[in-house]
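Note sheet for the following structure.
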Amino acid sequence: QVQLVESGGGLVQAGGSLRLSCAASGSIFSILVMGWYRQAPGKQRDLVATVTSGSTTNYADSVKGRFTISKNNAKHTVYLQMNSLKPEDTAVYYCRISTKFMGEYWGQGTQVTVVS
């Protein structure tokens with residue numbers, strides 16, 4: 001049974017930083033893409049950033065230059081370093097891992113709140 005465990009969310013002032021982590025437990029292999037998504041109250045879940053097995057990254061325009069996604073293949077862990085946070089970054093952040101043979105998995109979500 002694969003589970004994704006997220007950590008690192010919290011309350012921060014505008015301009016501050018947070019680092020999110022998402023670790024996959026259980027037997028997981030043939031990972032294609034690891035990524036972060038976020039959902040603000042009353043809004044749809046949107047892509048924040050992804051990183052492929054070949055380490056190609058992709059970012060939403062709203063976070064380019066402020067957020068950095070990275071991964072540790074050996075630990076099946078994906079990170080999101082968030083700098084220069086803005087109140088509009090407030091949301092529940094979810095990690096997602098998609099695999100070639102096992103489908104996709106989602107984390108339970110971690111709250112990020114940015115206050116001005």
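Labels used: A, B, ... for chains in the order of the structure tokens, numbers from 1 for residues in each chain, and numbers from 1 for ligands as shown.
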### Close residues, region 92-105 of chain A itself excluded, 10 Å, only C-alpha atoms, min 3 positions apart in chain, as a PyMOL selection string
chain A and resi 2-7+9+20-24+28-41+45-53+76-80+89+108-113
### strand (DSSP E or B) residues, from DSSP on the backbone, in chain A, as number ranges by chain
A: 3-7, 10-13, 18-25, 31-39, 45-52, 57-59, 67-72, 77-82, 91-99, 104-106, 110-115
### Task
Mind giving me the straight-line distance from CA of Lys43 (chain A) to CA of Pro87 (chain A) in Å, one decimal?
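Going from CA of Lys43 (chain A) over to CA of Pro87 (chain A) covers 15.1 Å.
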### Query
For the atom pair CA of Asn72 (chain A) and CA of Gly54 (chain A), what is the interatomic distance in Å to one decimal place?
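Spanning CA of Asn72 (chain A) to CA of Gly54 (chain A) is a straight-line distance of 12.2 Å.
The smallest atom-to-atom distance between Arg66 (chain A) and any of A:Gln44, A:Thr90, A:Gln81, A:Gln13, using only C-alpha atoms, is found for A:Gln81.
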### Query
By how many Å are CA of Gly107 (chain A) and CA of Gly15 (chain A) apart?
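That distance, rounded to one decimal, is 26.1 Å.
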### Task
Step one, run DSSP on the backbone; step two, keep only residues of chain A assigned to helix (DSSP H, G or I); then write them as a ChimeraX atom specification.
/A:61-63,87-89
